[in-house]
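Quick notes on the structure that follows.
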Amino acid sequence: MSGQPEMLRKNKTAQTLFWLGMALYFLTRFIALDKFPIYFFSDEAIQTMSAFDLINRGFRDLQGNLLPVYFENGQQFNLSLSVWLQVPIAWLPRSVWLTRGLPALISLVFPLSVSLWARDFVKSKYWWLAPVIISTLPAWFLHSRTAFETSLGVSFYSLFLLFYLKYRLQNRKHLPLALLFGACAFYSYAPMQLVVVATGLVLLAADWRYHFENKKNLVIGLVTLLLLAAPYFLFRFRHQQALGIHLHLLSSYWVSNIPFVNKLGIFLSTWLKGLNPLYWFFPNEADLVRHQMQGLGHLPWFLLPFFLLGFWQGLRNWKQPAYRLALIALLVGPLGAAVADIAITRVLVTVVPFSMLIFLGFDCSLRWLSEKLPLKKVPATVTALALAGFSLWMSWYAIVKGPTWYSNYGLYGMQWGGQQLSQKITEFRQNNPGTRLTMSPSWANNSDVIMRFFLDDPLPLMIGTLDEYDLYHLQINPNQVFILTPDEYDWLLQNPKFDQVEVLDRLELPDGRTGFYFLSVEYSDEAGQIFEIELQERRLPEVSEVEVLGQLTTITYSRLDLGTIAHIFDGDELTPMRTLEANPLEITIVFPKPVELQRLTALVGSPATRLSVSMELANGNEAPLFTEQIASSDNIRPVLVEFGSVYQVKKLIVWIESINEEEPTHVHLWELVLE
């Protein structure tokens with residue numbers, strides 16, 4: 001009986017140390033949460049704004065579907081659970097702290113899950129150390145302080161693993177909860193879909209005897225799984241092109257025109273890259289700077305020996321489900337990212353098995369040291385204090401030094417300025433009533449979403465640049481004020497079309513340089529003549545050589561500002577081209593050898609469109625002019641012209657006109673199919 005009070009005392013001490021570790025984790029997530037990361041990214045703002053719009057639409061999406069599963073972000077559907085979780089706070093006054101605070105609060109389940117895994121299934125007396133270890137991980141420190149959906153995926157995945165072990169080793173009744181948290185991870189972040197499914201399939205195979213021992217529980221699990229998967233399949237049925245569009249936007253090799261075997265090879269090499277310790281434990285140049293902490297790897301380099309030791313412990317104890325689970329999670333972690341390329345946001349879920357294996361390394365080391373040293377508590381105490389010290393230093397380093405880590409604050413760097421610029425805009429409008437503001441979007445992705453977050457609807461400014469004024473000789477309102485980046489300001493000063501540039505206000509970057517200029521501008525005296533010369537030059541067509549119907553043809557076409565002429569012959573309906581200003585779009589194809597044609601199909605955009613076709617035949621004659629016209633639509637669709645017979649064509653001329661739009665305008669064309 002004397003051992004029981006001692007055991008209770010040890011348990012109470014371990015619990016106290018655990019809560020101290022959780023307090024450390026909580027502190028390092030929430031202190032100065034709105035100050036670091038120094039940017040507030042559009043992918044963070046879109047969470048709250050999508051929830052706000054969802055509420056205003058009566059919980060319907062843009063297509064009118066009630067309780068939508070996925071939401072659009074740019075041109076793709078890649079938001080789901082992250083938006084729904086923002087609904088309870090979307091009606092509150094918007095703030096960076098609130099938007100980031102919700103996923104940061106949810107992230108507490110990650111150290112909690114690993115701690116319970118270590119206590120209940122590894123049976124480690126050092127289980128309380130897990131929150132302190134996780135507090136030291138730079139990649140997780142940075143991303144758990146954002147509203148990126150990737151952090152939600154990590155948090156729910158850790159719960160998925162924990163409750164799977166509870167189902168496997170404690171009580172079968174935990175299976176529905178394991179599946180629920182797996183579904184939450186699945187719906188949190190697009191790359192998590194493959195990770196969750198792969199984890200489930202591997203666990204199904206690894207523990208198949210256990211799964212099939214209880215048929216009743218198996219049926220409950222299957223029914224639960226079907227219910228959780230139903231929203232996903234309903235979405236795929238309604239938006240059948242969404243996956244292809246998403247892969248195109250990621251520039252995934254899976255939608256490229258290369259052999260399937262090559263794609264498998266790329267997938268394997270990319271997956272291995274996601275497991276490379278050099279990528280994880282040392283600074284790299286592969287990830288964008290805004291997803292890194294200067295001078296630090298995604299995981300601290302001094303944890304590498306403990307990871308390797310923990311990995312070895314996992315292999316030695318492979319037959320034990322708790323150890324096997326950590327190794328399985330490590331192997332499947334990079335799968336979602338491997339569909340495109342490794343990036344820390346896509347592969348962040350791998351910090352879960354990394355932290356588990358690092359813990360195993362510490363557990364093994366501390367057990368060995370406690371046996372060798374007379375003061376058995378010293379190793380664990382020193383370890384905890386050292387890790388906590390590093391965690392606190394890292395927090396100080398990020399919050400105090402982070403604003404000046406990198407010199408690129410623009411689109412390809414930190415994308416800094418959302419909160420600060422919106423505050424400056426509000427002050428400027430108060431001090432300069434009657435002005436009309438136009439803000440350049442070139443400093444950030446989806447800057448309109450960021451401005452909506454801070455300035456609300458309707459936006460008190462226009463989103464645009466001076467490009468339109470540089471392309472056409474437009475009237476500049478005397479009260480017009482442009483907000484430009486330093487690069488745009490330098491370009492303006494060197495542009496002979498503009499004169500009398502007056503800087504009215506500035507916003508400084510964290511390093512003291514000017515980040516944004518508020519200025520007025522007028523055209524120069526020689527602007528009119530320059531515009532006339534440029535207009536004549538733009539009316540000259542472009543010429544390219546493209547393979548069409550097995551021949552290298554010469555194609556003359558109206559000038560483009562999006563895509564290339566080759567895109568309309570690549571068989572890919574997701575790669576359009578667009579005219580700079582011409583309407584109609586004119587395309588002339590000269591074939592080295594006459595070809596037989598009997599119809600032509602153009603895949604066009606939503607405006608009412610007229611398709612006209614003229615042909616010069618092999619015998620020198622001209623075929624009749626063929627014309628087809630379609631009304632406007634919400635979707636891209638084909639326009640078909642039937643020639644009525646087969647013609648031997650030497651030269652083909654195609655006009656595609658947006659009927660109700662005057663030039664200059666953009667005419668889109670996705671595909672041109674000759675048959």
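If you're wondering about the labels, chains in the structure tokens are A, B, ... by order shown, residues count from 1 in each chain, ligands from 1 in order shown.
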
Name the residues in contact with A:Leu392 at a cut-off of 12 Å, using only C-alpha atoms, excluding same-chain residues fewer than 2 positions from it; report them as a PDB file with N, CA, C and O atoms, in the first residue's frame.
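Below is the file that was written, part.pdb:
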ATOM      1  N   GLY A  21       3.407  22.791 -19.339  1.00  0.00           N
ATOM      2  CA  GLY A  21       3.795  22.714 -20.745  1.00  0.00           C
ATOM      3  C   GLY A  21       2.709  23.233 -21.661  1.00  0.00           C
ATOM      4  O   GLY A  21       2.980  23.935 -22.642  1.00  0.00           O
ATOM      5  N   ALA A  23       0.505  25.456 -20.828  1.00  0.00           N
ATOM      6  CA  ALA A  23       0.483  26.906 -20.633  1.00  0.00           C
ATOM      7  C   ALA A  23       1.575  27.575 -21.468  1.00  0.00           C
ATOM      8  O   ALA A  23       1.362  28.652 -22.052  1.00  0.00           O
ATOM      9  N   LEU A  24       2.750  26.941 -21.518  1.00  0.00           N
ATOM     10  CA  LEU A  24       3.823  27.460 -22.362  1.00  0.00           C
ATOM     11  C   LEU A  24       3.389  27.467 -23.820  1.00  0.00           C
ATOM     12  O   LEU A  24       3.600  28.458 -24.540  1.00  0.00           O
ATOM     13  N   TYR A  25       2.796  26.361 -24.251  1.00  0.00           N
ATOM     14  CA  TYR A  25       2.327  26.290 -25.634  1.00  0.00           C
ATOM     15  C   TYR A  25       1.284  27.374 -25.905  1.00  0.00           C
ATOM     16  O   TYR A  25       1.347  28.075 -26.918  1.00  0.00           O
ATOM     17  N   PHE A  26       0.325  27.534 -25.000  1.00  0.00           N
ATOM     18  CA  PHE A  26      -0.722  28.545 -25.159  1.00  0.00           C
ATOM     19  C   PHE A  26      -0.112  29.938 -25.241  1.00  0.00           C
ATOM     20  O   PHE A  26      -0.494  30.751 -26.099  1.00  0.00           O
ATOM     21  N   LEU A  27       0.816  30.229 -24.362  1.00  0.00           N
ATOM     22  CA  LEU A  27       1.456  31.548 -24.344  1.00  0.00           C
ATOM     23  C   LEU A  27       2.169  31.827 -25.656  1.00  0.00           C
ATOM     24  O   LEU A  27       2.026  32.916 -26.237  1.00  0.00           O
ATOM     25  N   THR A  28       2.923  30.855 -26.153  1.00  0.00           N
ATOM     26  CA  THR A  28       3.689  31.086 -27.382  1.00  0.00           C
ATOM     27  C   THR A  28       2.803  31.102 -28.624  1.00  0.00           C
ATOM     28  O   THR A  28       3.258  31.512 -29.693  1.00  0.00           O
ATOM     29  N   ARG A  29       1.556  30.669 -28.525  1.00  0.00           N
ATOM     30  CA  ARG A  29       0.638  30.790 -29.667  1.00  0.00           C
ATOM     31  C   ARG A  29      -0.035  32.157 -29.666  1.00  0.00           C
ATOM     32  O   ARG A  29      -0.269  32.731 -30.731  1.00  0.00           O
ATOM     33  N   ILE A  31       0.615  35.177 -27.633  1.00  0.00           N
ATOM     34  CA  ILE A  31       1.262  36.450 -27.367  1.00  0.00           C
ATOM     35  C   ILE A  31       1.561  37.163 -28.688  1.00  0.00           C
ATOM     36  O   ILE A  31       2.119  36.582 -29.617  1.00  0.00           O
ATOM     37  N   VAL A 132       5.954  20.691 -24.494  1.00  0.00           N
ATOM     38  CA  VAL A 132       7.167  21.510 -24.533  1.00  0.00           C
ATOM     39  C   VAL A 132       7.933  21.236 -25.823  1.00  0.00           C
ATOM     40  O   VAL A 132       8.446  22.162 -26.466  1.00  0.00           O
ATOM     41  N   SER A 135       6.232  22.901 -28.675  1.00  0.00           N
ATOM     42  CA  SER A 135       6.393  24.360 -28.618  1.00  0.00           C
ATOM     43  C   SER A 135       7.680  24.833 -29.274  1.00  0.00           C
ATOM     44  O   SER A 135       7.818  26.023 -29.572  1.00  0.00           O
ATOM     45  N   THR A 136       8.613  23.913 -29.500  1.00  0.00           N
ATOM     46  CA  THR A 136       9.907  24.309 -30.061  1.00  0.00           C
ATOM     47  C   THR A 136       9.978  24.196 -31.577  1.00  0.00           C
ATOM     48  O   THR A 136      11.012  24.525 -32.163  1.00  0.00           O
ATOM     49  N   LEU A 137       8.922  23.732 -32.239  1.00  0.00           N
ATOM     50  CA  LEU A 137       8.978  23.458 -33.675  1.00  0.00           C
ATOM     51  C   LEU A 137       8.704  24.732 -34.466  1.00  0.00           C
ATOM     52  O   LEU A 137       7.559  25.215 -34.485  1.00  0.00           O
ATOM     53  N   PRO A 138       9.697  25.308 -35.147  1.00  0.00           N
ATOM     54  CA  PRO A 138       9.503  26.595 -35.841  1.00  0.00           C
ATOM     55  C   PRO A 138       8.375  26.590 -36.866  1.00  0.00           C
ATOM     56  O   PRO A 138       7.589  27.538 -36.922  1.00  0.00           O
ATOM     57  N   PHE A 141       5.177  26.614 -34.975  1.00  0.00           N
ATOM     58  CA  PHE A 141       5.030  27.905 -34.290  1.00  0.00           C
ATOM     59  C   PHE A 141       4.477  28.947 -35.242  1.00  0.00           C
ATOM     60  O   PHE A 141       3.509  29.653 -34.940  1.00  0.00           O
ATOM     61  N   LEU A 385      13.608  22.450 -19.136  1.00  0.00           N
ATOM     62  CA  LEU A 385      13.991  23.861 -19.027  1.00  0.00           C
ATOM     63  C   LEU A 385      14.683  24.344 -20.299  1.00  0.00           C
ATOM     64  O   LEU A 385      14.442  25.472 -20.760  1.00  0.00           O
ATOM     65  N   ALA A 386      15.526  23.493 -20.876  1.00  0.00           N
ATOM     66  CA  ALA A 386      16.231  23.881 -22.103  1.00  0.00           C
ATOM     67  C   ALA A 386      15.246  24.057 -23.258  1.00  0.00           C
ATOM     68  O   ALA A 386      15.321  25.043 -24.018  1.00  0.00           O
ATOM     69  N   LEU A 387      14.315  23.118 -23.404  1.00  0.00           N
ATOM     70  CA  LEU A 387      13.332  23.215 -24.486  1.00  0.00           C
ATOM     71  C   LEU A 387      12.409  24.414 -24.277  1.00  0.00           C
ATOM     72  O   LEU A 387      12.079  25.131 -25.232  1.00  0.00           O
ATOM     73  N   ALA A 388      11.983  24.632 -23.031  1.00  0.00           N
ATOM     74  CA  ALA A 388      11.124  25.782 -22.744  1.00  0.00           C
ATOM     75  C   ALA A 388      11.871  27.087 -23.018  1.00  0.00           C
ATOM     76  O   ALA A 388      11.289  28.042 -23.556  1.00  0.00           O
ATOM     77  N   GLY A 389      13.145  27.115 -22.662  1.00  0.00           N
ATOM     78  CA  GLY A 389      13.948  28.311 -22.934  1.00  0.00           C
ATOM     79  C   GLY A 389      14.058  28.590 -24.418  1.00  0.00           C
ATOM     80  O   GLY A 389      13.939  29.745 -24.856  1.00  0.00           O
ATOM     81  N   PHE A 390      14.269  27.534 -25.205  1.00  0.00           N
ATOM     82  CA  PHE A 390      14.334  27.724 -26.656  1.00  0.00           C
ATOM     83  C   PHE A 390      12.997  28.207 -27.203  1.00  0.00           C
ATOM     84  O   PHE A 390      12.945  29.082 -28.077  1.00  0.00           O
ATOM     85  N   MET A 394      12.550  31.638 -29.159  1.00  0.00           N
ATOM     86  CA  MET A 394      12.029  31.641 -30.516  1.00  0.00           C
ATOM     87  C   MET A 394      10.854  32.612 -30.641  1.00  0.00           C
ATOM     88  O   MET A 394      10.721  33.326 -31.644  1.00  0.00           O
ATOM     89  N   SER A 395      10.004  32.666 -29.622  1.00  0.00           N
ATOM     90  CA  SER A 395       8.882  33.593 -29.641  1.00  0.00           C
ATOM     91  C   SER A 395       9.380  35.034 -29.638  1.00  0.00           C
ATOM     92  O   SER A 395       8.890  35.883 -30.405  1.00  0.00           O
ATOM     93  N   TRP A 396      10.336  35.319 -28.789  1.00  0.00           N
ATOM     94  CA  TRP A 396      10.914  36.670 -28.752  1.00  0.00           C
ATOM     95  C   TRP A 396      11.575  37.006 -30.084  1.00  0.00           C
ATOM     96  O   TRP A 396      11.391  38.112 -30.623  1.00  0.00           O
ATOM     97  N   TYR A 397      12.312  36.072 -30.623  1.00  0.00           N
ATOM     98  CA  TYR A 397      13.030  36.271 -31.886  1.00  0.00           C
ATOM     99  C   TYR A 397      12.060  36.590 -33.014  1.00  0.00           C
ATOM    100  O   TYR A 397      12.294  37.490 -33.827  1.00  0.00           O
ATOM    101  N   ALA A 398      10.947  35.877 -33.050  1.00  0.00           N
ATOM    102  CA  ALA A 398       9.976  36.091 -34.121  1.00  0.00           C
ATOM    103  C   ALA A 398       9.253  37.422 -33.971  1.00  0.00           C
ATOM    104  O   ALA A 398       9.111  38.193 -34.935  1.00  0.00           O
ATOM    105  N   ILE A 399       8.784  37.714 -32.770  1.00  0.00           N
ATOM    106  CA  ILE A 399       7.962  38.904 -32.557  1.00  0.00           C
ATOM    107  C   ILE A 399       8.790  40.179 -32.655  1.00  0.00           C
ATOM    108  O   ILE A 399       8.348  41.188 -33.216  1.00  0.00           O
TER     109      ILE A 399
END

Close residues, A:Tyr187 itself excluded, 12 Å, only C-alpha atoms, min 6 positions apart in chain, as a PyMOL selection string: chain A and resi 69-71+77-85+149-150+152-154+156-157+180-181+193-197+228-232+235

Residues near A:Pro478, cut-off 12 Å, only C-alpha atoms, skip fewer than 6 positions along chain, as a ChimeraX atom specification: /A:434-437,500,519-523

Expected file contents, prior selection, C-alpha atoms, as an mmCIF file, in the first residue's frame:
data_model
loop_
_atom_site.group_PDB
_atom_site.id
_atom_site.type_symbol
_atom_site.label_atom_id
_atom_site.label_comp_id
_atom_site.auth_asym_id
_atom_site.auth_seq_id
_atom_site.Cartn_x
_atom_site.Cartn_y
_atom_site.Cartn_z
ATOM 1 C CA GLY A 434 -13.558 64.077 -51.602
ATOM 2 C CA THR A 435 -10.567 62.175 -52.941
ATOM 3 C CA ARG A 436 -11.038 59.048 -55.074
ATOM 4 C CA LEU A 437 -8.572 56.315 -54.183
ATOM 5 C CA GLN A 500 3.455 66.347 -62.338
ATOM 6 C CA LEU A 519 0.113 60.272 -55.157
ATOM 7 C CA SER A 520 -1.588 62.319 -57.841
ATOM 8 C CA VAL A 521 -0.458 62.441 -61.471
ATOM 9 C CA GLU A 522 -1.271 64.066 -64.813
ATOM 10 C CA TYR A 523 -0.472 63.257 -68.423
#

Stretch 607-610 of chain A surroundings by only C-alpha atoms, 8 Å radius, close-in-sequence under 2 positions cut, as number ranges by chain: A: 604-605, 612, 627-633, 655-660

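Proximity of A:Thr99, A:Ser558, A:Ser256, A:Asn56 to A:Leu33, computed with only C-alpha atoms, is greatest for A:Thr99.
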
DSSP-assigned strand (DSSP E) among stretch 426-648 of chain A, expressed as a PyMOL selection string: chain A and resi 436-439+462-463+480-484+498-508+514-523+542-548+551-557+560-562+577-579+585-604+609-617+626-630+637-648

Contacts of stretch 231-256 of chain A with stretch 316-340 of chain A up to 7 Å, shortest pair per row, only C-alpha atoms, as a tab-separated table:
residue	atom	partner	partner_atom	distance
A:Leu250	CA	A:Ala340	CA	6.3
A:Ser251	CA	A:Ala340	CA	6.8
A:Ser252	CA	A:Ala340	CA	4.4
A:Tyr253	CA	A:Ala340	CA	6.6

Show me, as an mmCIF file with N, CA, C and O atoms, in the first residue's frame, the residues that have an atom within 10 Å of A:Thr554 when counting only C-alpha atoms, minus same-chain residues fewer than 4 positions from it.
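To be explicit, this is the file written out as around12.cif:
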data_model
loop_
_atom_site.group_PDB
_atom_site.id
_atom_site.type_symbol
_atom_site.label_atom_id
_atom_site.label_comp_id
_atom_site.auth_asym_id
_atom_site.auth_seq_id
_atom_site.Cartn_x
_atom_site.Cartn_y
_atom_site.Cartn_z
ATOM 1 N N VAL A 543 2.553 36.627 -84.982
ATOM 2 C CA VAL A 543 2.738 35.465 -85.855
ATOM 3 C C VAL A 543 3.497 34.388 -85.087
ATOM 4 O O VAL A 543 4.498 34.672 -84.429
ATOM 5 N N SER A 544 2.994 33.153 -85.174
ATOM 6 C CA SER A 544 3.658 32.027 -84.512
ATOM 7 C C SER A 544 3.556 30.789 -85.392
ATOM 8 O O SER A 544 2.702 30.714 -86.291
ATOM 9 N N GLU A 545 4.435 29.830 -85.118
ATOM 10 C CA GLU A 545 4.361 28.529 -85.767
ATOM 11 C C GLU A 545 3.879 27.511 -84.743
ATOM 12 O O GLU A 545 4.476 27.363 -83.674
ATOM 13 N N VAL A 546 2.767 26.838 -85.060
ATOM 14 C CA VAL A 546 2.149 25.889 -84.145
ATOM 15 C C VAL A 546 1.761 24.645 -84.929
ATOM 16 O O VAL A 546 1.311 24.734 -86.077
ATOM 17 N N GLU A 547 1.927 23.482 -84.308
ATOM 18 C CA GLU A 547 1.523 22.241 -84.963
ATOM 19 C C GLU A 547 0.005 22.092 -84.881
ATOM 20 O O GLU A 547 -0.583 22.072 -83.797
ATOM 21 N N VAL A 548 -0.633 21.975 -86.046
ATOM 22 C CA VAL A 548 -2.081 21.793 -86.137
ATOM 23 C C VAL A 548 -2.355 20.681 -87.140
ATOM 24 O O VAL A 548 -1.844 20.723 -88.265
ATOM 25 N N THR A 588 -5.673 33.499 -88.417
ATOM 26 C CA THR A 588 -5.439 33.005 -89.775
ATOM 27 C C THR A 588 -4.418 31.881 -89.720
ATOM 28 O O THR A 588 -3.309 32.064 -89.202
ATOM 29 N N ILE A 589 -4.811 30.701 -90.247
ATOM 30 C CA ILE A 589 -3.927 29.536 -90.235
ATOM 31 C C ILE A 589 -3.582 29.163 -91.676
ATOM 32 O O ILE A 589 -4.482 28.926 -92.495
ATOM 33 N N VAL A 590 -2.299 29.100 -91.975
ATOM 34 C CA VAL A 590 -1.827 28.707 -93.306
ATOM 35 C C VAL A 590 -1.210 27.316 -93.195
ATOM 36 O O VAL A 590 -0.249 27.108 -92.439
ATOM 37 N N PHE A 591 -1.766 26.362 -93.952
ATOM 38 C CA PHE A 591 -1.296 24.984 -93.923
ATOM 39 C C PHE A 591 -0.287 24.746 -95.041
ATOM 40 O O PHE A 591 -0.546 25.103 -96.202
ATOM 41 N N PRO A 592 0.868 24.168 -94.755
ATOM 42 C CA PRO A 592 1.832 23.840 -95.820
ATOM 43 C C PRO A 592 1.219 22.913 -96.871
ATOM 44 O O PRO A 592 1.484 23.055 -98.061
ATOM 45 N N LYS A 651 -5.885 27.758 -96.518
ATOM 46 C CA LYS A 651 -5.813 28.832 -95.522
ATOM 47 C C LYS A 651 -7.166 28.971 -94.846
ATOM 48 O O LYS A 651 -8.201 28.983 -95.513
#

Best match for closeness to A:Ala183 among A:Ser355, A:Asn635, A:Thr224, A:Ser42, counting only C-alpha atoms: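 Closest to A:Ala183 of all the choices is A:Thr224.
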
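With only C-alpha atoms as the atoms that count, the residue of A:Met356, A:Ile636, A:Val382, A:Leu272 with the shortest distance to A:Trp117 is A:Met356.
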